[in-house]
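Okay, so here's the structure we're looking at.
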Amino acid sequence: MAIVKVVFHSGSGNTKALAEAVHKGATGNAECELMEISGSQIIDGRFQDDAFLAKLDQADAIIFGSPTYMGMVSGQMKCFLDATSSRWMSGSWNSKLAAGFTTSLGLSGDKQSTLSYLVTVACQHGMIWISSDSPNSLFSGDAMDMATNRLSSSTGVMSQVNFGAEFKPTFGDLKTAEMLGARVGMLISKLKS
């Protein structure tokens, strides 16, 4: 069976909610594992967890998730991605599938910069980036909180969550994340068969 890993950092829990939705979608066609980056893995500013990286080496597809902070991935995600340079040197992630998702407070929040950075890292590894093919269902009349791909992102999944603990990703944003996970799981299963 194909193996998908969802590697993410979450500051407030909103990115984790998206990661769980991605995981739910991927498990229909692949063995999938959530892998959360924590501050304890970062020592003196460097991500240091060889066992974590070794698990990713076994994956057929890796889906990256990060909040957008100041127009970029979180510092924790950046430390992790910097640590993948040893995999770049060995080419061990070459031809794996990759995809990504992000969330921020602002409607724009420069989330495109975050997804573009994740695409760049994946391409440096020689990975094959999988876009989001979910339609913006606002155009079919769905309400803002129910609509899939309401922010019209094809590069990956974008979510916007208002400030405050009472706010969470919308039903539609979570559904879009689930659809991305299902797409990656289906594509990697086809490639593996």
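In the structure tokens, the first chain shown is A, the next is B, and so on; residue numbers restart at 1 for each chain, and ligands run from 1 in the order shown.
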
Within 9 Å of stretch 131-138 of chain A: each stretch 17-126 of chain A residue with its shortest pair, only C-alpha atoms, as a tab-separated table:
```
residue	atom	partner	partner_atom	distance
A:Ala98	CA	A:Ser131	CA	8.9
A:Ala99	CA	A:Ser131	CA	6.6
A:Gly100	CA	A:Ser131	CA	8.3
```

DSSP-assigned helix (DSSP H, G or I) members of chain A, reported as a PyMOL selection string = chain A and resi 14-26+39-41+50-57+75-83+85-90+111-124+137-140+171-192

re atom CA of A:Leu151 and atom CA of A:Lys24: distance 21.4 Å

Take atom CA of A:Asp60 and atom CA of A:Glu20 and report the distance between them in Å, one decimal.
-> 18.6 Å

For A:Asp110: contacts at 10 Å, only C-alpha atoms, fewer than 4 positions along chain excluded, given as a ChimeraX atom specification | /A:68-72,103-104,106,114-115

Name the residues in contact with stretch 86-97 of chain A at a cut-off of 7 Å, using only C-alpha atoms, excluding same-chain residues fewer than 2 positions from it; report them as JSON, numbers by chain.
-> {"A": [57, 60, 61, 62, 83, 84, 125, 126, 127, 128, 129, 130]}

Atom CA of A:Cys32 to atom CA of A:Glu166: how many Å, to one decimal?
-> 28.9 Å

Counting only C-alpha atoms, which of A:Gln112, A:Asp142, A:Met35, A:Leu81 gets nearest to A:Gln124?
-> A:Leu81

Can you pull out every residue within 7 Å of A:Val161, counting only C-alpha atoms, but drop anything in the same chain fewer than 4 positions away, and send it as a short mmCIF file (atom, residue, chain, number, x, y, z; two decimals) with C-alpha atoms, in the first residue's frame?
```cif
data_model
loop_
_atom_site.label_atom_id
_atom_site.label_comp_id
_atom_site.auth_asym_id
_atom_site.auth_seq_id
_atom_site.Cartn_x
_atom_site.Cartn_y
_atom_site.Cartn_z
CA SER A 104 -3.61 32.64 8.25
CA LEU A 105 -5.66 35.37 9.89
CA PHE A 167 -12.75 30.57 15.49
CA LYS A 168 -11.73 27.45 13.56
CA PRO A 169 -11.33 26.58 9.86
#
```

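Residues of stretch 76-182 of chain A that DSSP places in strand (DSSP E), based on the backbone of this structure, are A:Leu97, A:Ala98, A:Ala99, A:Gly100, A:Phe101, A:Thr102, A:Thr103, A:Ser104, A:Ile128, A:Trp129, A:Val157, A:Met158, A:Ser159, A:Gln160.
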
Using only C-alpha atoms, determine which residues lie at most 8 Å from stretch 3-6 of chain A, disregarding the query and same-chain residues fewer than 2 positions distant; provide the list as a list in words.
-> Met1, Phe8, Ala19, Val22, His23, Ala26, Ala30, Glu31, Cys32, Glu33, Leu34, Met35, Leu56, Gln58, Ala59, Asp60, Ala61, Ile62, Ile63, Phe64, Gly65 and Gly185 of chain A

Put those residues in a file: C-alpha atoms, as an mmCIF file, in the first residue's frame.
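Saved file part-v4.cif follows:
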```
data_model
loop_
_atom_site.group_PDB
_atom_site.id
_atom_site.type_symbol
_atom_site.label_atom_id
_atom_site.label_comp_id
_atom_site.auth_asym_id
_atom_site.auth_seq_id
_atom_site.Cartn_x
_atom_site.Cartn_y
_atom_site.Cartn_z
ATOM 1 C CA MET A 1 0.000 0.000 0.000
ATOM 2 C CA PHE A 8 3.035 20.030 9.705
ATOM 3 C CA ALA A 19 -3.717 18.372 8.703
ATOM 4 C CA VAL A 22 -5.858 16.010 4.819
ATOM 5 C CA HIS A 23 -5.070 12.798 6.725
ATOM 6 C CA ALA A 26 -5.582 10.338 2.218
ATOM 7 C CA ALA A 30 -3.096 5.008 1.297
ATOM 8 C CA GLU A 31 -1.525 4.315 4.654
ATOM 9 C CA CYS A 32 -1.265 7.795 6.146
ATOM 10 C CA GLU A 33 0.431 9.247 9.217
ATOM 11 C CA LEU A 34 0.246 12.690 10.820
ATOM 12 C CA MET A 35 3.687 13.988 11.823
ATOM 13 C CA LEU A 56 9.618 10.595 5.773
ATOM 14 C CA GLN A 58 9.806 5.762 3.664
ATOM 15 C CA ALA A 59 6.912 7.823 2.294
ATOM 16 C CA ASP A 60 5.710 7.765 -1.290
ATOM 17 C CA ALA A 61 4.113 11.189 -0.814
ATOM 18 C CA ILE A 62 4.646 14.015 1.687
ATOM 19 C CA ILE A 63 2.031 16.702 2.286
ATOM 20 C CA PHE A 64 3.439 19.798 4.018
ATOM 21 C CA GLY A 65 1.390 22.132 6.225
ATOM 22 C CA GLY A 185 -3.734 9.289 -1.922
#
```

Spatial neighbours of A:Thr176, 9 Å, only C-alpha atoms, chain gap at least 4 places, as a ChimeraX atom specification | /A:18,21-22,132,134-135,147-150,157-158,171-172,180-181

Expected file contents, prior selection, N, CA, C and O atoms, as a PDB file, in the first residue's frame:
```pdb
ATOM      1  N   LEU A  18      -6.514  21.356   9.746  1.00  0.00           N
ATOM      2  CA  LEU A  18      -6.373  21.101   8.305  1.00  0.00           C
ATOM      3  C   LEU A  18      -5.600  19.807   8.071  1.00  0.00           C
ATOM      4  O   LEU A  18      -5.963  19.003   7.202  1.00  0.00           O
ATOM      5  N   ALA A  21      -7.755  16.868   8.477  1.00  0.00           N
ATOM      6  CA  ALA A  21      -8.656  16.708   7.331  1.00  0.00           C
ATOM      7  C   ALA A  21      -7.908  16.112   6.137  1.00  0.00           C
ATOM      8  O   ALA A  21      -8.430  15.226   5.445  1.00  0.00           O
ATOM      9  N   VAL A  22      -6.689  16.571   5.892  1.00  0.00           N
ATOM     10  CA  VAL A  22      -5.858  16.010   4.819  1.00  0.00           C
ATOM     11  C   VAL A  22      -5.641  14.514   5.082  1.00  0.00           C
ATOM     12  O   VAL A  22      -5.791  13.676   4.188  1.00  0.00           O
ATOM     13  N   SER A 132      -4.129  21.548  -5.916  1.00  0.00           N
ATOM     14  CA  SER A 132      -5.494  21.335  -5.443  1.00  0.00           C
ATOM     15  C   SER A 132      -6.433  21.509  -6.629  1.00  0.00           C
ATOM     16  O   SER A 132      -6.374  22.526  -7.321  1.00  0.00           O
ATOM     17  N   SER A 134      -9.796  21.281  -6.279  1.00  0.00           N
ATOM     18  CA  SER A 134     -11.132  21.552  -5.751  1.00  0.00           C
ATOM     19  C   SER A 134     -11.701  22.823  -6.370  1.00  0.00           C
ATOM     20  O   SER A 134     -11.027  23.853  -6.400  1.00  0.00           O
ATOM     21  N   PRO A 135     -12.938  22.782  -6.827  1.00  0.00           N
ATOM     22  CA  PRO A 135     -13.553  23.985  -7.386  1.00  0.00           C
ATOM     23  C   PRO A 135     -13.943  24.967  -6.278  1.00  0.00           C
ATOM     24  O   PRO A 135     -14.196  24.556  -5.144  1.00  0.00           O
ATOM     25  N   ALA A 147     -18.348  26.624   1.503  1.00  0.00           N
ATOM     26  CA  ALA A 147     -17.744  26.529   0.172  1.00  0.00           C
ATOM     27  C   ALA A 147     -16.364  25.885   0.207  1.00  0.00           C
ATOM     28  O   ALA A 147     -15.531  26.206   1.060  1.00  0.00           O
ATOM     29  N   THR A 148     -16.129  24.979  -0.737  1.00  0.00           N
ATOM     30  CA  THR A 148     -14.787  24.436  -0.930  1.00  0.00           C
ATOM     31  C   THR A 148     -13.969  25.454  -1.724  1.00  0.00           C
ATOM     32  O   THR A 148     -14.500  26.206  -2.542  1.00  0.00           O
ATOM     33  N   ASN A 149     -12.695  25.482  -1.439  1.00  0.00           N
ATOM     34  CA  ASN A 149     -11.731  26.351  -2.129  1.00  0.00           C
ATOM     35  C   ASN A 149     -12.246  27.780  -2.276  1.00  0.00           C
ATOM     36  O   ASN A 149     -12.102  28.405  -3.320  1.00  0.00           O
ATOM     37  N   ARG A 150     -12.818  28.316  -1.206  1.00  0.00           N
ATOM     38  CA  ARG A 150     -13.408  29.656  -1.238  1.00  0.00           C
ATOM     39  C   ARG A 150     -12.390  30.755  -1.492  1.00  0.00           C
ATOM     40  O   ARG A 150     -12.739  31.854  -1.884  1.00  0.00           O
ATOM     41  N   VAL A 157      -3.937  24.104  -0.537  1.00  0.00           N
ATOM     42  CA  VAL A 157      -5.108  24.512   0.235  1.00  0.00           C
ATOM     43  C   VAL A 157      -4.777  25.752   1.056  1.00  0.00           C
ATOM     44  O   VAL A 157      -3.751  25.791   1.743  1.00  0.00           O
ATOM     45  N   MET A 158      -5.658  26.736   0.984  1.00  0.00           N
ATOM     46  CA  MET A 158      -5.568  27.937   1.810  1.00  0.00           C
ATOM     47  C   MET A 158      -6.798  28.024   2.698  1.00  0.00           C
ATOM     48  O   MET A 158      -7.909  27.769   2.247  1.00  0.00           O
ATOM     49  N   PHE A 171     -16.097  24.696   7.561  1.00  0.00           N
ATOM     50  CA  PHE A 171     -16.412  23.371   7.031  1.00  0.00           C
ATOM     51  C   PHE A 171     -15.838  23.221   5.624  1.00  0.00           C
ATOM     52  O   PHE A 171     -15.252  22.190   5.288  1.00  0.00           O
ATOM     53  N   GLY A 172     -16.011  24.251   4.805  1.00  0.00           N
ATOM     54  CA  GLY A 172     -15.523  24.196   3.424  1.00  0.00           C
ATOM     55  C   GLY A 172     -14.013  24.110   3.331  1.00  0.00           C
ATOM     56  O   GLY A 172     -13.475  23.384   2.485  1.00  0.00           O
ATOM     57  N   LEU A 180      -7.816  17.412  -0.936  1.00  0.00           N
ATOM     58  CA  LEU A 180      -6.406  17.370  -1.329  1.00  0.00           C
ATOM     59  C   LEU A 180      -5.781  16.057  -0.876  1.00  0.00           C
ATOM     60  O   LEU A 180      -5.057  15.410  -1.643  1.00  0.00           O
ATOM     61  N   GLY A 181      -6.042  15.655   0.365  1.00  0.00           N
ATOM     62  CA  GLY A 181      -5.510  14.385   0.851  1.00  0.00           C
ATOM     63  C   GLY A 181      -5.978  13.220   0.004  1.00  0.00           C
ATOM     64  O   GLY A 181      -5.199  12.329  -0.357  1.00  0.00           O
TER      65      GLY A 181
END
```
